[in-house]
$ cat run-v4.txt   # compact mmCIF, C-alpha atoms
# COMPACT_ATOMS: atom_id res chain seq x y z
CA LEU A 33 0.00 0.00 0.00
CA VAL A 34 2.88 2.39 0.68
CA SER A 35 6.23 3.21 -0.88
CA ASP A 36 9.61 1.81 0.17
CA GLU A 37 10.62 5.31 1.26
CA PHE A 38 7.65 5.47 3.62
CA LYS A 39 8.41 2.03 5.07
CA ASN A 40 12.10 2.84 5.51
CA ALA A 41 11.29 6.13 7.24
CA TRP A 42 9.10 4.39 9.82
CA GLU A 43 11.68 1.63 10.28
CA ALA A 44 14.36 4.22 11.09
CA TYR A 45 12.08 6.11 13.49
CA LEU A 46 10.82 3.04 15.35
CA SER A 47 14.31 1.53 15.57
CA LYS A 48 15.50 4.71 17.27
CA ARG A 49 12.47 4.96 19.54
CA PHE A 50 12.36 1.26 20.47
CA PRO A 51 15.90 -0.12 20.01
CA ASP A 52 15.14 -3.42 21.79
CA VAL A 53 12.16 -4.30 19.56
CA LYS A 54 12.61 -6.48 16.49
CA LEU A 55 10.90 -4.87 13.49
CA LEU A 56 9.46 -6.86 10.58
CA PHE A 57 7.39 -5.66 7.64
CA TYR A 58 4.75 -7.85 6.04
CA SER A 59 3.43 -7.70 2.50
CA SER A 60 1.27 -9.80 0.21
CA LYS A 61 2.08 -7.73 -2.88
CA ALA A 62 5.35 -7.81 -4.79
CA LYS A 63 5.01 -4.18 -5.92
CA SER A 64 3.93 -1.02 -4.14
CA THR A 65 0.65 0.61 -5.23
CA GLU A 66 1.65 3.99 -3.75
CA GLY A 67 1.24 6.94 -6.09
CA LYS A 68 -0.11 4.90 -9.00
CA GLY A 69 -2.97 6.78 -10.62
CA GLY A 70 -6.31 7.55 -9.07
CA VAL A 71 -8.70 5.59 -6.91
CA GLY A 72 -9.82 3.37 -9.78
CA THR A 73 -6.25 2.31 -10.58
CA ARG A 74 -5.40 1.53 -6.94
CA LYS A 75 -8.66 -0.37 -6.55
CA LYS A 76 -7.78 -2.62 -9.49
CA LEU A 77 -4.24 -3.21 -8.22
CA ILE A 78 -5.29 -3.97 -4.64
CA SER A 79 -8.34 -6.06 -5.56
CA ALA A 80 -6.57 -8.09 -8.24
CA PRO A 81 -5.95 -11.77 -7.44
CA LEU A 82 -2.49 -12.53 -6.10
CA THR A 83 0.03 -13.49 -8.75
CA LYS A 84 2.51 -16.34 -8.32
CA VAL A 85 5.15 -13.80 -7.25
CA ASP A 86 2.70 -12.21 -4.80
CA ARG A 87 1.95 -15.59 -3.22
CA GLU A 88 5.66 -16.30 -2.86
CA ILE A 89 6.20 -12.89 -1.21
CA LYS A 90 3.27 -13.51 1.13
CA LEU A 91 4.53 -16.98 2.10
CA LYS A 92 8.08 -15.71 2.61
CA SER A 93 6.87 -12.81 4.78
CA SER A 94 4.69 -15.04 6.97
CA ARG A 95 7.40 -17.70 7.39
CA LYS A 96 9.97 -15.05 8.34
CA LEU A 97 7.60 -13.61 10.94
CA LEU A 98 7.02 -17.03 12.48
CA ASP A 99 10.71 -17.99 12.40
CA VAL A 100 11.83 -14.74 14.04
CA CYS A 101 9.25 -15.08 16.83
CA ILE A 102 10.33 -18.66 17.55
CA SER A 103 14.01 -17.65 17.43
CA ILE A 104 13.47 -14.81 19.93
CA TRP A 105 11.69 -17.21 22.28
CA ASN A 106 14.36 -19.91 21.95
CA ASN A 107 17.10 -17.40 22.80
CA GLY A 108 15.16 -15.90 25.66
CA GLU A 109 12.39 -17.39 27.79
CA GLY A 110 12.43 -20.67 25.91
CA ALA A 111 15.99 -21.44 26.99
CA SER A 112 14.89 -21.93 30.59
CA SER A 113 11.21 -22.79 30.16
CA ASP A 114 9.63 -26.20 30.55
CA LYS A 115 7.22 -25.32 27.75
CA GLU A 116 8.24 -26.74 24.39
CA TYR A 117 6.91 -23.94 22.18
CA PRO A 118 6.14 -20.20 22.38
CA THR A 119 2.77 -18.49 22.44
CA ILE A 120 2.68 -15.71 19.84
CA GLY A 121 -0.01 -13.06 20.29
CA PHE A 122 -1.42 -10.71 17.65
CA VAL A 123 -2.13 -7.36 19.28
CA GLY A 124 -3.07 -4.03 17.73
CA HIS A 125 -5.76 -1.65 16.58
CA PRO A 126 -8.99 -3.05 15.11
CA ASN A 127 -9.09 -3.63 11.37
CA VAL A 128 -5.33 -3.65 10.74
CA GLY A 129 -5.04 -7.25 9.52
CA LYS A 130 -4.18 -9.31 12.62
CA SER A 131 -6.49 -12.15 11.59
CA SER A 132 -5.33 -11.92 7.96
CA ILE A 133 -1.68 -12.38 8.99
CA LEU A 134 -2.64 -15.35 11.17
CA ASN A 135 -4.40 -16.96 8.19
CA SER A 136 -1.31 -16.30 6.07
CA ILE A 137 1.01 -17.99 8.57
CA VAL A 138 -1.26 -21.02 8.80
CA GLY A 139 -1.61 -21.23 5.02
CA HIS A 140 -5.39 -21.31 4.82
CA LYS A 141 -8.38 -19.52 6.33
CA ILE A 142 -9.00 -20.54 9.93
CA VAL A 143 -10.41 -17.27 11.29
CA SER A 144 -12.94 -15.01 9.60
CA VAL A 145 -11.97 -11.48 8.61
CA SER A 146 -13.96 -8.33 7.96
CA ARG A 147 -13.26 -4.68 7.21
CA THR A 148 -15.66 -3.79 10.06
CA PRO A 149 -13.67 -2.99 13.24
CA GLY A 150 -14.43 -5.26 16.19
CA HIS A 151 -15.13 -8.34 14.06
CA THR A 152 -12.90 -10.53 16.25
CA LYS A 153 -14.70 -10.58 19.60
CA HIS A 154 -12.74 -13.10 21.68
CA TRP A 155 -9.36 -14.79 21.92
CA GLN A 156 -8.73 -17.68 19.54
CA THR A 157 -5.77 -20.05 19.78
CA HIS A 158 -4.27 -22.14 16.96
CA LEU A 159 -1.32 -24.53 16.93
CA ILE A 160 1.41 -24.57 14.27
CA ARG A 161 3.10 -27.94 13.78
CA GLU A 162 6.59 -28.93 12.66
CA GLY A 163 7.52 -29.27 9.02
CA SER A 164 5.44 -26.48 7.56
CA ASN A 165 3.52 -23.37 8.41
CA GLN A 166 0.73 -24.68 6.22
CA SER A 167 -1.05 -26.74 8.88
CA ALA A 168 -2.72 -25.95 12.18
CA CYS A 169 -5.26 -27.36 14.55
CA LYS A 170 -7.63 -25.21 16.55
CA ASN A 171 -7.33 -25.07 20.32
CA ASN A 172 -6.26 -28.53 21.57
CA GLU A 173 -7.76 -30.65 18.82
CA GLU A 174 -5.13 -33.18 17.69
CA LYS A 175 -5.81 -33.32 13.96
CA GLN A 176 -2.36 -32.81 12.45
CA PRO A 177 0.79 -34.94 12.88
CA GLY A 178 4.10 -33.43 13.94
CA ARG A 179 5.50 -31.60 16.93
CA VAL A 180 3.89 -28.29 17.89
CA VAL A 181 6.34 -25.42 17.25
CA ALA A 182 4.15 -22.44 18.16
CA GLU A 183 0.76 -21.41 19.45
CA LEU A 184 -0.86 -18.41 17.74
CA VAL A 185 -3.34 -16.23 19.62
CA ASP A 186 -5.72 -13.92 17.74
CA SER A 187 -7.22 -11.16 19.88
CA PRO A 188 -9.85 -8.42 19.56
CA GLY A 189 -8.56 -5.02 18.49
CA LEU A 190 -7.50 -2.45 21.07
CA VAL A 191 -8.77 1.13 20.82
CA PHE A 192 -6.47 3.42 22.77
CA PRO A 193 -7.38 6.77 24.38
CA VAL A 194 -7.56 9.76 22.04
CA ILE A 195 -4.36 11.30 23.37
CA TRP A 196 -0.79 10.71 22.33
CA GLU A 197 2.70 12.05 22.95
CA ASP A 198 4.00 14.51 20.38
CA HIS A 199 7.65 13.65 19.67
CA SER A 200 7.86 15.64 16.45
CA SER A 201 10.89 17.66 17.55
CA ASP A 202 12.51 15.65 20.32
CA LEU A 203 12.18 12.02 21.37
CA ASN A 204 12.25 13.17 25.00
CA ASN A 205 9.58 15.82 24.54
CA ASP A 206 6.68 15.20 26.94
CA SER A 207 4.15 17.52 25.27
CA THR A 208 0.81 16.01 24.33
CA ARG A 209 -2.08 16.75 22.02
CA PHE A 210 -5.50 15.32 21.39
CA ILE A 211 -6.73 13.49 18.30
CA GLY A 212 -10.36 13.82 17.30
CA ARG A 213 -12.66 10.97 16.41
CA ASN A 214 -12.42 11.97 12.74
CA VAL A 215 -8.87 10.52 12.62
CA TYR A 216 -10.18 7.28 14.15
CA GLU A 217 -12.82 7.19 11.43
CA LEU A 218 -10.17 7.59 8.72
CA CYS A 219 -8.06 4.82 10.25
CA GLY A 220 -10.94 2.32 10.29
CA LEU A 221 -11.22 2.28 14.09
CA TYR A 222 -14.84 3.43 14.09
CA PRO A 223 -17.68 1.59 12.29
CA ILE A 224 -18.50 3.58 9.17
CA PRO A 225 -22.30 2.98 9.33
CA GLN A 226 -22.30 4.68 12.74
CA ILE A 227 -20.67 7.89 11.50
CA ARG A 228 -23.18 10.74 11.76
CA GLU A 229 -21.25 13.45 9.93
CA THR A 230 -18.36 13.11 7.51
CA TYR A 231 -17.26 16.73 7.06
CA SER A 232 -14.64 16.56 9.84
CA ALA A 233 -12.99 13.41 8.50
CA ILE A 234 -13.07 14.65 4.90
CA ARG A 235 -11.47 17.94 6.00
CA VAL A 236 -8.54 16.07 7.61
CA LEU A 237 -8.24 13.76 4.58
CA ALA A 238 -8.24 16.68 2.12
CA GLU A 239 -5.34 18.27 4.03
CA HIS A 240 -3.19 15.22 3.22
CA VAL A 241 -4.62 13.89 -0.06
CA GLN A 242 -5.58 15.65 -3.30
CA LEU A 243 -9.07 14.18 -3.47
CA GLU A 244 -10.06 16.29 -6.47
CA ARG A 245 -7.18 14.73 -8.43
CA ILE A 246 -7.49 11.06 -7.48
CA TYR A 247 -11.27 11.13 -7.94
CA ASN A 248 -11.04 13.34 -11.04
CA LEU A 249 -13.53 15.84 -9.62
CA LYS A 250 -14.53 18.88 -11.70
CA GLN A 251 -15.86 21.37 -9.17
CA ASP A 252 -18.92 23.38 -10.17
CA VAL A 253 -17.97 26.91 -9.14
CA ASP A 254 -21.55 28.16 -9.51
CA SER A 255 -22.86 25.53 -7.09
CA TYR A 256 -20.00 25.20 -4.60
CA GLY A 257 -17.81 28.27 -5.09
CA PRO A 258 -14.12 28.40 -6.07
CA GLU A 259 -12.75 27.25 -2.71
CA ILE A 260 -11.97 23.56 -2.18
CA SER A 261 -13.81 22.56 0.99
CA PRO A 262 -15.39 19.40 2.44
CA TYR A 263 -18.78 20.69 1.26
CA ALA A 264 -17.48 21.27 -2.28
CA ILE A 265 -15.67 17.93 -2.43
CA LEU A 266 -18.67 15.93 -1.21
CA GLY A 267 -21.10 17.87 -3.38
CA THR A 268 -18.98 17.41 -6.50
CA TYR A 269 -18.50 13.71 -5.75
CA ALA A 270 -22.24 13.23 -5.15
CA ASP A 271 -23.04 15.00 -8.44
CA LYS A 272 -20.55 12.80 -10.29
CA LYS A 273 -22.07 9.62 -8.83
CA GLY A 274 -25.66 10.81 -9.13
CA TYR A 275 -26.35 10.60 -5.39
CA THR A 276 -29.38 12.72 -4.45
CA LEU A 277 -31.48 12.96 -1.30
CA SER A 278 -34.67 12.30 -3.23
CA LYS A 279 -35.92 12.48 -6.77
CA GLY A 280 -34.95 15.91 -8.00
CA GLY A 281 -33.45 16.79 -4.60
CA GLY A 282 -30.05 18.10 -3.63
CA PRO A 283 -26.83 16.06 -3.54
CA ASP A 284 -26.57 13.36 -0.87
CA LEU A 285 -23.42 14.61 0.84
CA HIS A 286 -23.54 12.05 3.64
CA ARG A 287 -23.63 9.09 1.27
CA ALA A 288 -20.76 10.61 -0.70
CA GLY A 289 -18.73 11.05 2.49
CA LEU A 290 -19.31 7.49 3.67
CA GLU A 291 -18.24 6.10 0.31
CA ILE A 292 -14.98 8.05 0.36
CA LEU A 293 -14.30 6.90 3.94
CA ARG A 294 -14.84 3.28 2.85
CA ASP A 295 -12.28 3.80 0.09
CA VAL A 296 -9.81 5.08 2.71
CA VAL A 297 -10.38 2.10 5.01
CA ASP A 298 -9.99 -0.32 2.08
CA GLY A 299 -6.70 1.33 1.07
CA TYR A 300 -7.99 2.67 -2.25
CA VAL A 301 -7.25 6.17 -0.95
CA LEU A 302 -3.85 6.25 0.74
CA PHE A 303 -4.06 8.05 4.09
CA ALA A 304 -0.85 7.66 6.07
CA TYR A 305 1.28 9.84 8.31
CA TRP A 306 5.03 10.15 7.91
CA PRO A 307 7.09 9.68 11.10
CA PRO A 308 7.35 12.72 13.40
CA GLY A 309 10.17 15.03 12.35
CA TYR A 310 10.68 13.35 8.95
CA SER A 311 11.55 15.57 6.00
$ encode --input "run-v4.txt" --output "structure tokens"
Amino acid sequence: LVSDEFKNAWEAYLSKRFPDVKLLFYSSKAKSTEGKGGVGTRKKLISAPLTKVDREIKLKSSRKLLDVCISIWNNGEGASSDKEYPTIGFVGHPNVGKSSILNSIVGHKIVSVSRTPGHTKHWQTHLIREGSNQSACKNNEEKQPGRVVAELVDSPGLVFPVIWEDHSSDLNNDSTRFIGRNVYELCGLYPIPQIRETYSAIRVLAEHVQLERIYNLKQDVDSYGPEISPYAILGTYADKKGYTLSKGGGPDLHRAGLEILRDVVDGYVLFAYWPPGYS
């Protein structure tokens, strides 16, 4: 979804901020889709079936993740533990792909996935057995031969408080600032059908993404004025799609906003922050 430059920038920042944490990057696509055309082009690239090269990249990424986790455990707690295999937990925000990565490691679908945040509602454990990362048995069901090498734990997403530390100028800076719910909506942490107004999220999105370019919007100056605003963007998009409140009524701005937010959550519109202090 993002460029190599973006990935490398975050790797450098996180390595400096958390020097004792092992960083790995996962991908199921051989090529980046960042900066390639408009929404339609990205949608085709992201939605296209995985090629042979893509599948090899996906398998290699998942195997490396599993091998590194097992290696860390063997060199740490596992060296003095009576337990024969590590328990590997998947922790993070809702709707970021925890269950999808687990399915990739196993080699087939064992947990359901959804773009709706909160889809995983309880802990689920799965065993990975020796010889391949292509087989697993759920919980303690002995269905596959071979020694167990790891236990995978899928967990519900965690939504953190809407406050964070601002380290944009200094890693030791203790200043803080608040983040509004509109950023949560753009990041897929809030169910889209429950969003009551989309202006705030679209305003933040338009500050980072040229929506008029990627959606090829031709703003009607007579209807929306010359200024690019959330109202003008949503109105122009609704006119282009033919979304109206009723027959012969005005443009359905809310429907237009929800559709754009879905494109953001699905990755068709790239919304991503560079690391603090990066230039």
$ atom_distance --input "run-v4.txt" --atom1 "atom CA of A:Leu285" --atom2 "atom CA of A:His125"
28.7 Å
$ residues_around --input "run-v4.txt" --residues "A:Thr276" --least-positions-apart "5" --cutoff "12 Å" --atoms "only C-alpha atoms" --output "ChimeraX atom specification"
/A:266-271,281-288
$ closest_residue --input "run-v4.txt" --among "A:Lys272, A:Lys90, A:Arg179, A:His140" --to "A:Glu244" --atoms "only C-alpha atoms"
A:Lys272
$ atom_distance --input "run-v4.txt" --atom1 "atom CA of A:Glu183" --atom2 "atom CA of A:Asp114"
15.0 Å
$ atom_distance --input "run-v4.txt" --atom1 "atom CA of A:Lys96" --atom2 "atom CA of A:Leu77"
24.8 Å
$ decode --input "run-v4.txt" --residues "stretch 92-103 of chain A" --atoms "all heavy atoms" --output "short mmCIF file (atom, residue, chain, number, x, y, z; two decimals), in the first residue's frame"
data_model
loop_
_atom_site.label_atom_id
_atom_site.label_comp_id
_atom_site.auth_asym_id
_atom_site.auth_seq_id
_atom_site.Cartn_x
_atom_site.Cartn_y
_atom_site.Cartn_z
N LYS A 92 6.76 -16.03 2.05
CA LYS A 92 8.08 -15.71 2.61
C LYS A 92 7.95 -14.77 3.80
O LYS A 92 8.62 -14.95 4.83
CB LYS A 92 8.94 -15.07 1.52
CG LYS A 92 10.35 -14.73 1.98
CD LYS A 92 11.16 -14.13 0.84
CE LYS A 92 12.57 -13.77 1.29
NZ LYS A 92 13.36 -13.17 0.18
N SER A 93 7.07 -13.77 3.69
CA SER A 93 6.87 -12.81 4.78
C SER A 93 6.32 -13.49 6.03
O SER A 93 6.79 -13.25 7.15
CB SER A 93 5.93 -11.69 4.34
OG SER A 93 6.45 -10.95 3.26
N SER A 94 5.32 -14.37 5.83
CA SER A 94 4.69 -15.04 6.97
C SER A 94 5.66 -16.03 7.63
O SER A 94 5.70 -16.14 8.86
CB SER A 94 3.41 -15.74 6.53
OG SER A 94 3.66 -16.72 5.54
N ARG A 95 6.43 -16.75 6.83
CA ARG A 95 7.40 -17.70 7.39
C ARG A 95 8.49 -16.97 8.17
O ARG A 95 8.93 -17.43 9.24
CB ARG A 95 8.01 -18.53 6.28
CG ARG A 95 7.10 -19.65 5.80
CD ARG A 95 7.74 -20.48 4.72
NE ARG A 95 6.95 -21.67 4.42
CZ ARG A 95 7.17 -22.45 3.37
NH1 ARG A 95 8.15 -22.17 2.54
NH2 ARG A 95 6.43 -23.52 3.16
N LYS A 96 8.94 -15.82 7.65
CA LYS A 96 9.97 -15.05 8.34
C LYS A 96 9.45 -14.55 9.68
O LYS A 96 10.16 -14.60 10.69
CB LYS A 96 10.41 -13.87 7.47
CG LYS A 96 11.54 -13.06 8.09
CD LYS A 96 11.99 -11.94 7.17
CE LYS A 96 13.14 -11.15 7.80
NZ LYS A 96 13.58 -10.04 6.92
N LEU A 97 8.20 -14.08 9.69
CA LEU A 97 7.60 -13.61 10.94
C LEU A 97 7.55 -14.72 11.98
O LEU A 97 7.92 -14.52 13.14
CB LEU A 97 6.19 -13.08 10.66
CG LEU A 97 5.36 -12.65 11.87
CD1 LEU A 97 6.05 -11.53 12.63
CD2 LEU A 97 3.96 -12.22 11.44
N LEU A 98 7.10 -15.89 11.57
CA LEU A 98 7.02 -17.03 12.48
C LEU A 98 8.40 -17.45 12.96
O LEU A 98 8.62 -17.68 14.17
CB LEU A 98 6.30 -18.19 11.80
CG LEU A 98 6.13 -19.47 12.64
CD1 LEU A 98 5.25 -19.19 13.86
CD2 LEU A 98 5.52 -20.58 11.79
N ASP A 99 9.36 -17.55 12.04
CA ASP A 99 10.71 -17.99 12.40
C ASP A 99 11.38 -17.03 13.37
O ASP A 99 12.06 -17.46 14.32
CB ASP A 99 11.57 -18.14 11.14
CG ASP A 99 11.14 -19.30 10.26
OD1 ASP A 99 10.40 -20.17 10.77
OD2 ASP A 99 11.51 -19.33 9.07
N VAL A 100 11.20 -15.73 13.16
CA VAL A 100 11.83 -14.74 14.04
C VAL A 100 11.22 -14.81 15.44
O VAL A 100 11.95 -14.75 16.45
CB VAL A 100 11.67 -13.33 13.46
CG1 VAL A 100 12.05 -12.26 14.49
CG2 VAL A 100 12.55 -13.17 12.23
N CYS A 101 9.90 -14.97 15.52
CA CYS A 101 9.25 -15.08 16.83
C CYS A 101 9.74 -16.31 17.60
O CYS A 101 10.03 -16.24 18.80
CB CYS A 101 7.73 -15.13 16.66
SG CYS A 101 6.98 -13.58 16.13
N ILE A 102 9.85 -17.43 16.90
CA ILE A 102 10.33 -18.66 17.55
C ILE A 102 11.78 -18.50 17.96
O ILE A 102 12.19 -18.93 19.05
CB ILE A 102 10.16 -19.85 16.59
CG1 ILE A 102 8.67 -20.13 16.35
CG2 ILE A 102 10.83 -21.10 17.16
CD1 ILE A 102 8.40 -21.22 15.33
N SER A 103 12.60 -17.85 17.12
CA SER A 103 14.01 -17.65 17.43
C SER A 103 14.19 -16.77 18.67
O SER A 103 15.03 -17.06 19.53
CB SER A 103 14.72 -17.01 16.23
OG SER A 103 16.06 -16.70 16.53
#
